[in-house]
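A.B. asks: Sending over my_file_38.pdb (PDB, C-alpha atoms and all ligand atoms).
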ATOM      1  CA  MET D 161     -20.000  49.830  38.394
ATOM      2  CA  THR D 162     -21.613  50.033  34.958
ATOM      3  CA  THR D 163     -23.913  47.380  33.564
ATOM      4  CA  ILE D 164     -23.361  47.297  29.809
ATOM      5  CA  SER D 165     -26.893  46.771  28.488
ATOM      6  CA  GLY D 166     -27.199  44.679  25.370
ATOM      7  CA  LYS D 167     -30.806  45.753  25.123
ATOM      8  CA  GLU D 168     -30.188  49.443  24.443
ATOM      9  CA  LEU D 169     -27.175  48.853  22.252
ATOM     10  CA  ALA D 170     -28.856  46.137  20.165
ATOM     11  CA  ALA D 171     -31.890  48.384  19.691
ATOM     12  CA  ARG D 172     -29.624  51.159  18.360
ATOM     13  CA  VAL D 173     -27.811  48.778  16.005
ATOM     14  CA  LYS D 174     -31.129  47.420  14.725
ATOM     15  CA  GLU D 175     -32.456  50.938  14.083
ATOM     16  CA  ARG D 176     -29.385  51.651  11.974
ATOM     17  CA  VAL D 177     -29.789  48.395  10.042
ATOM     18  CA  LYS D 178     -33.469  49.135   9.447
ATOM     19  CA  GLU D 179     -32.646  52.517   7.890
ATOM     20  CA  GLN D 180     -30.001  51.080   5.602
ATOM     21  CA  VAL D 181     -32.234  48.177   4.603
ATOM     22  CA  ALA D 182     -34.850  50.740   3.548
ATOM     23  CA  GLU D 183     -32.235  52.539   1.427
ATOM     24  CA  LEU D 184     -31.256  49.296  -0.290
ATOM     25  CA  LYS D 185     -34.887  48.426  -0.915
ATOM     26  CA  ALA D 186     -35.429  51.842  -2.486
ATOM     27  CA  ARG D 187     -32.711  50.829  -4.951
ATOM     28  CA  GLY D 188     -34.533  47.584  -5.698
ATOM     29  CA  VAL D 189     -32.468  45.215  -3.531
ATOM     30  CA  VAL D 190     -34.290  43.228  -0.831
ATOM     31  CA  PRO D 191     -31.707  41.902   1.641
ATOM     32  CA  CYS D 192     -32.343  38.227   2.322
ATOM     33  CA  LEU D 193     -31.009  35.794   4.925
ATOM     34  CA  ALA D 194     -31.378  32.046   4.391
ATOM     35  CA  VAL D 195     -31.092  29.848   7.469
ATOM     36  CA  ILE D 196     -30.857  26.067   7.149
ATOM     37  CA  LEU D 197     -32.082  24.185  10.209
ATOM     38  CA  VAL D 198     -31.559  20.414  10.292
ATOM     39  CA  GLY D 199     -33.493  18.375  12.855
ATOM     40  CA  ASP D 200     -35.322  19.638  15.897
ATOM     41  CA  ASN D 201     -32.796  20.621  18.525
ATOM     42  CA  PRO D 202     -34.990  22.714  20.867
ATOM     43  CA  ALA D 203     -32.339  25.407  21.489
ATOM     44  CA  SER D 204     -31.651  25.712  17.748
ATOM     45  CA  ARG D 205     -35.349  26.107  17.077
ATOM     46  CA  VAL D 206     -35.522  28.971  19.563
ATOM     47  CA  TYR D 207     -32.444  30.641  18.048
ATOM     48  CA  VAL D 208     -33.723  30.307  14.482
ATOM     49  CA  ASN D 209     -37.137  31.712  15.432
ATOM     50  CA  GLY D 210     -35.338  34.663  17.024
ATOM     51  CA  LYS D 211     -33.281  35.261  13.879
ATOM     52  CA  GLU D 212     -36.414  35.190  11.743
ATOM     53  CA  LYS D 213     -38.194  37.684  14.005
ATOM     54  CA  ASP D 214     -35.172  40.026  13.976
ATOM     55  CA  CYS D 215     -34.997  39.968  10.172
ATOM     56  CA  ILE D 216     -38.677  40.769   9.780
ATOM     57  CA  GLU D 217     -38.363  43.646  12.261
ATOM     58  CA  CYS D 218     -35.597  45.200  10.159
ATOM     59  CA  GLY D 219     -37.212  44.605   6.785
ATOM     60  CA  ILE D 220     -34.827  41.786   5.846
ATOM     61  CA  GLU D 221     -36.382  38.816   4.067
ATOM     62  CA  SER D 222     -35.976  35.638   6.097
ATOM     63  CA  ARG D 223     -35.995  32.199   4.477
ATOM     64  CA  VAL D 224     -35.835  29.321   6.925
ATOM     65  CA  ILE D 225     -35.162  25.977   5.265
ATOM     66  CA  ARG D 226     -36.164  23.208   7.657
ATOM     67  CA  MET D 227     -34.773  19.752   6.941
ATOM     68  CA  PRO D 228     -35.436  16.522   8.889
ATOM     69  CA  GLU D 229     -32.961  15.040  11.401
ATOM     70  CA  THR D 230     -32.396  12.134   8.972
ATOM     71  CA  THR D 231     -31.183  14.415   6.138
ATOM     72  CA  ALA D 232     -28.135  12.915   4.417
ATOM     73  CA  GLN D 233     -24.977  15.004   4.226
ATOM     74  CA  ASP D 234     -25.214  15.070   0.427
ATOM     75  CA  GLU D 235     -28.732  16.458   0.547
ATOM     76  CA  LEU D 236     -27.646  19.177   2.944
ATOM     77  CA  LEU D 237     -24.655  20.051   0.769
ATOM     78  CA  ARG D 238     -26.978  20.296  -2.240
ATOM     79  CA  GLU D 239     -29.207  22.738  -0.349
ATOM     80  CA  VAL D 240     -26.190  24.847   0.658
ATOM     81  CA  ARG D 241     -25.014  24.979  -2.977
ATOM     82  CA  ARG D 242     -28.510  25.881  -4.142
ATOM     83  CA  CYS D 243     -28.497  28.856  -1.763
ATOM     84  CA  ASN D 244     -24.956  29.769  -2.888
ATOM     85  CA  GLU D 245     -26.209  30.004  -6.456
ATOM     86  CA  ASP D 246     -29.461  31.821  -5.666
ATOM     87  CA  ALA D 247     -28.721  35.506  -6.357
ATOM     88  CA  SER D 248     -31.701  36.604  -4.237
ATOM     89  CA  VAL D 249     -30.032  35.112  -1.112
ATOM     90  CA  HIS D 250     -27.395  37.449   0.356
ATOM     91  CA  GLY D 251     -26.623  35.819   3.693
ATOM     92  CA  LEU D 252     -26.578  32.067   4.381
ATOM     93  CA  LEU D 253     -26.033  30.155   7.576
ATOM     94  CA  VAL D 254     -26.448  26.570   8.703
ATOM     95  CA  GLN D 255     -27.593  26.402  12.299
ATOM     96  CA  LEU D 256     -25.268  24.371  14.530
ATOM     97  CA  PRO D 257     -25.066  21.804  16.008
ATOM     98  CA  LEU D 258     -25.789  19.415  13.150
ATOM     99  CA  PRO D 259     -26.913  15.796  13.645
ATOM    100  CA  GLU D 260     -24.012  13.464  14.468
ATOM    101  CA  HIS D 261     -23.939  11.720  11.077
ATOM    102  CA  ILE D 262     -23.109  14.993   9.326
ATOM    103  CA  ASP D 263     -19.576  16.381   9.032
ATOM    104  CA  GLU D 264     -19.999  19.937  10.294
ATOM    105  CA  ARG D 265     -16.740  21.222   8.806
ATOM    106  CA  ALA D 266     -17.618  19.889   5.330
ATOM    107  CA  VAL D 267     -20.937  21.728   5.451
ATOM    108  CA  ILE D 268     -19.441  25.008   6.667
ATOM    109  CA  GLU D 269     -16.748  24.822   3.990
ATOM    110  CA  ALA D 270     -19.439  24.526   1.313
ATOM    111  CA  ILE D 271     -20.899  27.960   2.168
ATOM    112  CA  ALA D 272     -19.904  30.707  -0.279
ATOM    113  CA  PRO D 273     -17.562  33.066   1.668
ATOM    114  CA  GLU D 274     -19.399  36.158   0.360
ATOM    115  CA  LYS D 275     -22.646  34.826   1.926
ATOM    116  CA  ASP D 276     -21.049  33.478   5.112
ATOM    117  CA  VAL D 277     -22.650  35.920   7.569
ATOM    118  CA  ASP D 278     -21.594  33.718  10.527
ATOM    119  CA  GLY D 279     -17.946  34.179   9.525
ATOM    120  CA  PHE D 280     -17.315  30.448  10.001
ATOM    121  CA  THR D 281     -15.783  29.488   6.639
ATOM    122  CA  PRO D 282     -11.999  29.040   6.438
ATOM    123  CA  VAL D 283     -11.811  31.959   3.989
ATOM    124  CA  ASN D 284     -13.374  34.405   6.455
ATOM    125  CA  VAL D 285     -11.442  32.968   9.418
ATOM    126  CA  GLY D 286      -8.207  33.359   7.426
ATOM    127  CA  ARG D 287      -9.083  36.936   6.499
ATOM    128  CA  LEU D 288      -9.737  37.692  10.162
ATOM    129  CA  VAL D 289      -6.332  36.261  11.119
ATOM    130  CA  VAL D 290      -4.437  38.420   8.608
ATOM    131  CA  GLY D 291      -6.587  41.513   9.227
ATOM    132  CA  GLU D 292      -8.418  41.641   5.883
ATOM    133  CA  ARG D 293     -12.002  42.766   5.563
ATOM    134  CA  CYS D 294     -14.266  39.823   6.349
ATOM    135  CA  PHE D 295     -17.434  38.653   8.034
ATOM    136  CA  VAL D 296     -16.657  38.545  11.750
ATOM    137  CA  PRO D 297     -18.515  35.900  13.811
ATOM    138  CA  CYS D 298     -21.515  37.577  15.423
ATOM    139  CA  THR D 299     -20.863  36.902  19.111
ATOM    140  CA  PRO D 300     -17.293  38.242  19.285
ATOM    141  CA  ALA D 301     -18.288  41.130  16.987
ATOM    142  CA  GLY D 302     -21.083  41.926  19.463
ATOM    143  CA  CYS D 303     -18.660  41.782  22.399
ATOM    144  CA  MET D 304     -16.368  44.295  20.672
ATOM    145  CA  GLU D 305     -19.366  46.602  20.100
ATOM    146  CA  MET D 306     -20.186  46.370  23.806
ATOM    147  CA  LEU D 307     -16.628  47.326  24.766
ATOM    148  CA  ARG D 308     -16.781  50.275  22.372
ATOM    149  CA  ALA D 309     -20.140  51.381  23.757
ATOM    150  CA  ALA D 310     -18.737  51.247  27.291
ATOM    151  CA  GLY D 311     -15.826  53.447  26.203
ATOM    152  CA  VAL D 312     -13.275  50.670  26.738
ATOM    153  CA  ASP D 313     -10.272  50.826  24.393
ATOM    154  CA  PRO D 314      -8.445  47.470  24.544
ATOM    155  CA  ALA D 315      -5.134  49.039  23.384
ATOM    156  CA  GLY D 316      -2.353  48.325  25.856
ATOM    157  CA  LYS D 317      -4.661  46.359  28.166
ATOM    158  CA  ARG D 318      -4.387  42.750  29.304
ATOM    159  CA  ALA D 319      -7.283  40.675  28.014
ATOM    160  CA  VAL D 320      -8.094  37.117  29.056
ATOM    161  CA  VAL D 321     -10.527  35.023  27.036
ATOM    162  CA  LEU D 322     -11.945  31.884  28.659
ATOM    163  CA  GLY D 323     -12.877  29.253  26.085
ATOM    164  CA  ARG D 324     -11.243  28.442  22.744
ATOM    165  CA  SER D 325     -14.236  27.614  20.549
ATOM    166  CA  ASN D 326     -14.179  28.466  16.851
ATOM    167  CA  ILE D 327     -17.415  30.434  17.274
ATOM    168  CA  VAL D 328     -16.379  32.652  20.188
ATOM    169  CA  GLY D 329     -13.047  32.204  21.980
ATOM    170  CA  LYS D 330     -10.627  32.053  19.050
ATOM    171  CA  PRO D 331     -12.136  34.918  17.012
ATOM    172  CA  MET D 332     -12.534  36.989  20.208
ATOM    173  CA  ALA D 333      -8.809  36.596  20.915
ATOM    174  CA  LEU D 334      -8.050  37.697  17.323
ATOM    175  CA  LEU D 335     -10.292  40.780  17.551
ATOM    176  CA  LEU D 336      -8.793  41.864  20.871
ATOM    177  CA  THR D 337      -5.304  41.334  19.434
ATOM    178  CA  ALA D 338      -6.210  43.453  16.411
ATOM    179  CA  ALA D 339      -7.414  46.123  18.855
ATOM    180  CA  ASN D 340      -3.918  46.082  20.438
ATOM    181  CA  ALA D 341      -4.697  44.241  23.669
ATOM    182  CA  THR D 342      -2.261  41.655  25.049
ATOM    183  CA  VAL D 343      -4.353  38.518  24.941
ATOM    184  CA  THR D 344      -4.264  35.207  26.811
ATOM    185  CA  LEU D 345      -6.588  32.503  25.512
ATOM    186  CA  CYS D 346      -7.475  30.045  28.289
ATOM    187  CA  HIS D 347      -9.217  26.689  28.144
ATOM    188  CA  SER D 348     -10.004  23.565  30.164
ATOM    189  CA  ARG D 349      -6.316  22.595  30.379
ATOM    190  CA  THR D 350      -5.018  25.988  31.535
ATOM    191  CA  GLY D 351      -3.138  25.817  34.815
ATOM    192  CA  ASN D 352      -3.581  28.400  37.612
ATOM    193  CA  LEU D 353      -6.656  29.738  35.856
ATOM    194  CA  ALA D 354      -7.720  32.037  38.691
ATOM    195  CA  ASP D 355      -4.253  33.650  38.744
ATOM    196  CA  VAL D 356      -4.361  34.213  34.977
ATOM    197  CA  CYS D 357      -7.864  35.701  35.180
ATOM    198  CA  ARG D 358      -6.819  38.099  37.923
ATOM    199  CA  GLU D 359      -4.321  39.662  35.478
ATOM    200  CA  ALA D 360      -7.142  40.681  33.146
ATOM    201  CA  ASP D 361      -8.233  44.261  32.558
ATOM    202  CA  ILE D 362     -10.770  42.766  30.155
ATOM    203  CA  LEU D 363     -12.144  39.321  30.980
ATOM    204  CA  VAL D 364     -14.320  37.485  28.453
ATOM    205  CA  ALA D 365     -16.059  34.321  29.694
ATOM    206  CA  ALA D 366     -17.221  31.815  27.072
ATOM    207  CA  VAL D 367     -17.000  28.429  28.779
ATOM    208  CA  GLY D 368     -20.634  27.323  29.012
ATOM    209  CA  LYS D 369     -20.518  26.715  32.768
ATOM    210  CA  PRO D 370     -23.000  28.552  34.998
ATOM    211  CA  ARG D 371     -21.379  31.119  37.341
ATOM    212  CA  PHE D 372     -17.888  29.743  36.599
ATOM    213  CA  VAL D 373     -16.185  33.117  37.076
ATOM    214  CA  THR D 374     -16.292  34.195  40.703
ATOM    215  CA  ALA D 375     -15.180  37.419  42.383
ATOM    216  CA  GLU D 376     -11.840  35.846  43.461
ATOM    217  CA  MET D 377     -10.910  35.499  39.772
ATOM    218  CA  VAL D 378     -11.503  39.136  38.915
ATOM    219  CA  LYS D 379      -9.119  42.074  39.259
ATOM    220  CA  PRO D 380     -10.736  45.108  40.911
ATOM    221  CA  GLY D 381     -11.921  47.480  38.190
ATOM    222  CA  ALA D 382     -11.849  44.877  35.386
ATOM    223  CA  VAL D 383     -14.343  44.937  32.516
ATOM    224  CA  VAL D 384     -16.179  41.594  32.377
ATOM    225  CA  ILE D 385     -17.971  40.312  29.282
ATOM    226  CA  ASP D 386     -20.224  37.302  29.895
ATOM    227  CA  VAL D 387     -20.939  35.237  26.785
ATOM    228  CA  GLY D 388     -22.544  32.307  28.623
ATOM    229  CA  ILE D 389     -26.203  31.423  28.337
ATOM    230  CA  ASN D 390     -26.917  28.572  30.747
ATOM    231  CA  ARG D 391     -30.288  27.316  31.849
ATOM    232  CA  LEU D 392     -30.468  26.380  35.524
ATOM    233  CA  ASP D 393     -32.676  23.587  36.889
ATOM    234  CA  THR D 394     -35.053  26.300  38.048
ATOM    235  CA  GLY D 395     -35.527  27.314  34.395
ATOM    236  CA  LYS D 396     -33.746  30.617  35.002
ATOM    237  CA  LEU D 397     -31.026  31.785  32.597
ATOM    238  CA  CYS D 398     -27.600  32.610  33.937
ATOM    239  CA  GLY D 399     -24.231  33.448  32.498
ATOM    240  CA  ASP D 400     -20.716  32.047  32.947
ATOM    241  CA  VAL D 401     -20.076  34.817  35.472
ATOM    242  CA  ASP D 402     -21.405  34.986  39.024
ATOM    243  CA  PHE D 403     -22.986  38.384  38.405
ATOM    244  CA  GLU D 404     -23.832  39.129  42.011
ATOM    245  CA  SER D 405     -20.335  38.807  43.461
ATOM    246  CA  VAL D 406     -18.380  39.918  40.370
ATOM    247  CA  SER D 407     -20.434  43.073  39.815
ATOM    248  CA  SER D 408     -19.193  44.480  43.117
ATOM    249  CA  LYS D 409     -15.589  44.118  41.915
ATOM    250  CA  ALA D 410     -15.746  44.925  38.183
ATOM    251  CA  SER D 411     -15.918  48.442  36.752
ATOM    252  CA  ALA D 412     -18.295  47.235  34.033
ATOM    253  CA  ILE D 413     -20.097  43.972  33.357
ATOM    254  CA  THR D 414     -22.585  42.594  30.837
ATOM    255  CA  PRO D 415     -25.770  41.008  32.250
ATOM    256  CA  VAL D 416     -27.377  37.666  31.314
ATOM    257  CA  PRO D 417     -30.026  37.784  29.991
ATOM    258  CA  GLY D 418     -30.045  41.169  28.281
ATOM    259  CA  GLY D 419     -26.364  41.230  27.388
ATOM    260  CA  VAL D 420     -24.169  39.622  24.734
ATOM    261  CA  GLY D 421     -26.970  37.382  23.395
ATOM    262  CA  LEU D 422     -28.926  40.353  22.088
ATOM    263  CA  MET D 423     -25.795  41.741  20.442
ATOM    264  CA  THR D 424     -25.089  38.406  18.717
ATOM    265  CA  ARG D 425     -28.523  38.638  17.139
ATOM    266  CA  ALA D 426     -28.015  42.271  16.151
ATOM    267  CA  MET D 427     -24.632  41.595  14.529
ATOM    268  CA  LEU D 428     -26.142  38.902  12.311
ATOM    269  CA  LEU D 429     -28.405  41.606  10.889
ATOM    270  CA  VAL D 430     -25.392  43.883  10.383
ATOM    271  CA  ASN D 431     -23.544  41.118   8.518
ATOM    272  CA  THR D 432     -26.586  40.272   6.397
ATOM    273  CA  LEU D 433     -27.031  43.940   5.477
ATOM    274  CA  GLU D 434     -23.364  44.121   4.563
ATOM    275  CA  ALA D 435     -23.618  41.004   2.378
ATOM    276  CA  ALA D 436     -26.545  42.575   0.538
ATOM    277  CA  GLN D 437     -24.751  45.928   0.187
ATOM    278  CA  ARG D 438     -21.657  44.235  -1.223
ATOM    279  CA  SER D 439     -23.674  42.224  -3.697
ATOM    280  CA  ALA D 440     -25.540  45.385  -4.787
ATOM    281  CA  ALA D 441     -22.230  47.203  -5.331
ATOM    282  CA  LYS D 442     -20.965  44.542  -7.727
TER     283      LYS D 442
HETATM  284  N1  LIG Q   1     -25.321  27.640  17.115
HETATM  285  C1  LIG Q   1     -25.055  28.374  18.228
HETATM  286  N2  LIG Q   1     -24.613  29.590  17.884
HETATM  287  C2  LIG Q   1     -24.585  29.637  16.529
HETATM  288  C3  LIG Q   1     -24.228  30.632  15.595
HETATM  289  O1  LIG Q   1     -23.805  31.742  15.928
HETATM  290  N3  LIG Q   1     -24.361  30.294  14.288
HETATM  291  C4  LIG Q   1     -24.794  29.075  13.903
HETATM  292  N4  LIG Q   1     -24.875  28.836  12.594
HETATM  293  N5  LIG Q   1     -25.131  28.131  14.741
HETATM  294  C5  LIG Q   1     -25.032  28.406  16.047
END
Can you present the structure in this file as structure tokens?

C.D. replies:
Amino acid sequence: MTTISGKELAARVKERVKEQVAELKARGVVPCLAVILVGDNPASRVYVNGKEKDCIECGIESRVIRMPETTAQDELLREVRRCNEDASVHGLLVQLPLPEHIDERAVIEAIAPEKDVDGFTPVNVGRLVVGERCFVPCTPAGCMEMLRAAGVDPAGKRAVVLGRSNIVGKPMALLLTAANATVTLCHSRTGNLADVCREADILVAAVGKPRFVTAEMVKPGAVVIDVGINRLDTGKLCGDVDFESVSSKASAITPVPGGVGLMTRAMLLVNTLEAAQRSAAK
């Protein structure tokens, strides 16, 4: 059984980004990521701090725009448009979730597609569906990198994705389809879930439930990608997969922590670099 380490892979990706950032800077372009954070969701704060640290490490300029919980939708939209128009900003994301009084879709749709490093705008989602070049959402992009690093070619394989979110499940299913896997996208209303999972050569868990995937749901020799980051009452982090039992059955598995989460962060840097490179090439 192989543990696919996000730590080593993310470090390699970041090294590559760092080198290319230096090249861009030598040509007078300083890649810049703007992150808008509304309110004080504790998890969001942690994520945004992580993004800022990653940028600095790679030589990317990080601009975090913090707005109060009470920010009106119009004010937020104005800030998004200001960043759209600011030529020194190459990548722009609005940290989710947003406060309840704000229409999340309206805000995402306001982001300029060429700065949408999360790959959440309808333009980038549409491009992903039809197979055009686009910004791919960071978590599924990171999962695909992990499969590649483990030497797993999805072509001809059965893949099962658990969870149909716009951020992970749906784009993951599209990427695996593009890589010629036969994909089943499961969700909370799927019947006979364990039977479906047992068909999977590649099983991707993105349901947000601690240790949801147990050994009985896994085909011997399957490759298991665990997207979950759940905090237990003990304070410990755990994934959507019961690592202990599943690791004895899978041929390869990603750990939590130290797995997909690190790759999500690394892919945001890749997308930001790409946004800056594209803008420099114009
Ligand atoms: N909240 C949780 N994950 C993400 C993400 O990948 N991007 C944004 N913008 N918000 C998130």

A.B. asks: Which protein, DNA or RNA residues have an atom within 8 Å of ligand LIG 1 (chain Q), counting all atoms listed in the file, as an MDAnalysis selection string?

C.D. replies: chainID D and resid 204 207 253:257 278 297:299 327 424

A.B. asks: Give me, as a ChimeraX atom specification, all polymer residues having an atom no more than 12 Å from D:Glu235, counting all atoms listed in the file and skipping those fewer than 6 positions away in the same chain.

C.D. replies: /D:196,198,227-229,241-242,262,267

A.B. asks: Return as lines of an AutoDock Vina configuration file the box centre and box size in Å, one decimal, for an axis-aligned box around all listed atoms of stretch 195-200 of chain D padded by 5 Å per side.

C.D. replies:
center_x = -33.1
center_y = 24.1
center_z = 11.5
size_x = 14.5
size_y = 21.5
size_z = 18.7

A.B. asks: One decimal, in Å: what's the spacing between atom CA of D:Val285 and atom CA of D:Lys330?

C.D. replies: 9.7 Å

A.B. asks: Where does the PyMOL selection byres (((chain D and resi 185) around 12) and not hetatm) land in this file, that is, which residues does it pick, as a ChimeraX atom specification?

C.D. replies: /D:178-184,186-192,218-221,433,436-437,440

A.B. asks: Just the residues within 12 Å of D:Arg265, please, counting only C-alpha atoms, with nothing from its chain fewer than 5 positions along; format it as a list in words.

C.D. replies: Gln233, Leu237, Val254, Leu256, Pro257, Leu258, Ala270, Ile271, Phe280, Thr281, Pro282 and Asn326 of chain D

A.B. asks: Go ahead and save the residues from that selection, with C-alpha atoms, as a compact mmCIF listing (two decimals), in the frame of the given file.

C.D. replies:
# COMPACT_ATOMS: atom_id res chain seq x y z
CA GLN D 233 -24.98 15.00 4.23
CA LEU D 237 -24.66 20.05 0.77
CA VAL D 254 -26.45 26.57 8.70
CA LEU D 256 -25.27 24.37 14.53
CA PRO D 257 -25.07 21.80 16.01
CA LEU D 258 -25.79 19.42 13.15
CA ALA D 270 -19.44 24.53 1.31
CA ILE D 271 -20.90 27.96 2.17
CA PHE D 280 -17.32 30.45 10.00
CA THR D 281 -15.78 29.49 6.64
CA PRO D 282 -12.00 29.04 6.44
CA ASN D 326 -14.18 28.47 16.85

A.B. asks: What lies within 6 Å of stretch 375-379 of chain D using only C-alpha atoms, ignoring chain neighbours under 6 positions off, as an NGL selection string?

C.D. replies: :D and (354 or 357-358 or 405-406)

A.B. asks: How many Å lie between atom CA of D:Ser408 and atom CA of D:Leu353, rounded to one decimal?

C.D. replies: 20.7 Å

A.B. asks: Can you list, as a list in words, the residues that the PyMOL selection byres (((chain D and resi 320) around 7) and not hetatm) selects here?

C.D. replies: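 Written out, the selection comes to Arg318, Ala319, Val321, Leu322, Val343, Thr344, Leu345, Cys357, Ala360, Ile362, Leu363 and Val364 of chain D.
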
A.B. asks: Would you put the residues from that selection into a file with C-alpha atoms, as a PDB file, in the frame of the given file?

C.D. replies:
ATOM      1  CA  ARG D 318      -4.387  42.750  29.304  1.00  0.00           C
ATOM      2  CA  ALA D 319      -7.283  40.675  28.014  1.00  0.00           C
ATOM      3  CA  VAL D 321     -10.527  35.023  27.036  1.00  0.00           C
ATOM      4  CA  LEU D 322     -11.945  31.884  28.659  1.00  0.00           C
ATOM      5  CA  VAL D 343      -4.353  38.518  24.941  1.00  0.00           C
ATOM      6  CA  THR D 344      -4.264  35.207  26.811  1.00  0.00           C
ATOM      7  CA  LEU D 345      -6.588  32.503  25.512  1.00  0.00           C
ATOM      8  CA  CYS D 357      -7.864  35.701  35.180  1.00  0.00           C
ATOM      9  CA  ALA D 360      -7.142  40.681  33.146  1.00  0.00           C
ATOM     10  CA  ILE D 362     -10.770  42.766  30.155  1.00  0.00           C
ATOM     11  CA  LEU D 363     -12.144  39.321  30.980  1.00  0.00           C
ATOM     12  CA  VAL D 364     -14.320  37.485  28.453  1.00  0.00           C
TER      13      VAL D 364
END

A.B. asks: Can you work out the spacing between atom CA of D:Ser222 and atom CA of D:Ala366 in Å, to one decimal?

C.D. replies: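 Result for atom CA of D:Ser222 versus atom CA of D:Ala366: 28.4 Å, one decimal.
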
A.B. asks: Tell me which of D:Lys317, D:Lys174, D:His250, D:Arg425 sits closest to D:Glu212, counting all atoms listed in the file.

C.D. replies: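 So, comparing all the options, the nearest one is D:Arg425.
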
A.B. asks: Can you tell me, as a count of residues only, what residues are no more than 8 Å from D:Cys303 when counting only C-alpha atoms, ignoring any on the same chain fewer than 5 positions away?

C.D. replies: 3

A.B. asks: If we count all atoms listed in the file, what is near D:Leu169 at a cut-off of 12 Å, once residues fewer than 5 positions away on the same chain are taken out, given as a list in words?

C.D. replies: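 Skipping anything fewer than 5 positions along the chain leaves Thr163, Ile164, Lys174, Glu175, Arg176, Gly302, Cys303, Met304, Glu305, Met306, Leu307, Arg308, Ala309, Ala310, Thr414, Gly418, Gly419, Val420, Gly421, Leu422, Met423, Thr424, Arg425, Ala426 and Met427 of chain D.
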
A.B. asks: Could you check the closest approach to D:Cys294 for each of D:Gly279, D:Met332, D:Asn209, D:Ser248 and tell me which residue wins, using all atoms listed in the file?

C.D. replies: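 Nearest candidate to D:Cys294 out of D:Gly279, D:Met332, D:Asn209, D:Ser248: D:Gly279.
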
A.B. asks: Under the rule that all atoms listed in the file are counted, which of D:Leu392, D:Val328, D:Ala382, D:Val289 is the nearest residue to D:Ala365?

C.D. replies: D:Val328

A.B. asks: Just checking: using only C-alpha atoms, which residue out of D:Ala441, D:Cys398, D:Val296, D:Ala435 ends up closest to D:Leu193?

C.D. replies: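 Ranked by minimum distance to D:Leu193, first place goes to D:Ala435.
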
A.B. asks: From the options D:Gly291, D:Pro314, D:Gly381, D:Gly210, which residue's atoms come nearest to D:Met161, counting all atoms listed in the file?

C.D. replies: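 Among the listed residues, the smallest separation from D:Met161 belongs to D:Gly381.
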
A.B. asks: My list of candidates is D:Val383, D:Pro202, D:Asp263, D:Val290. Which is closest to D:Asp313 when distances are computed with all atoms listed in the file?

C.D. replies: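 Checking each of D:Val383, D:Pro202, D:Asp263, D:Val290 against D:Asp313, counting all atoms listed in the file, the winner is D:Val383.
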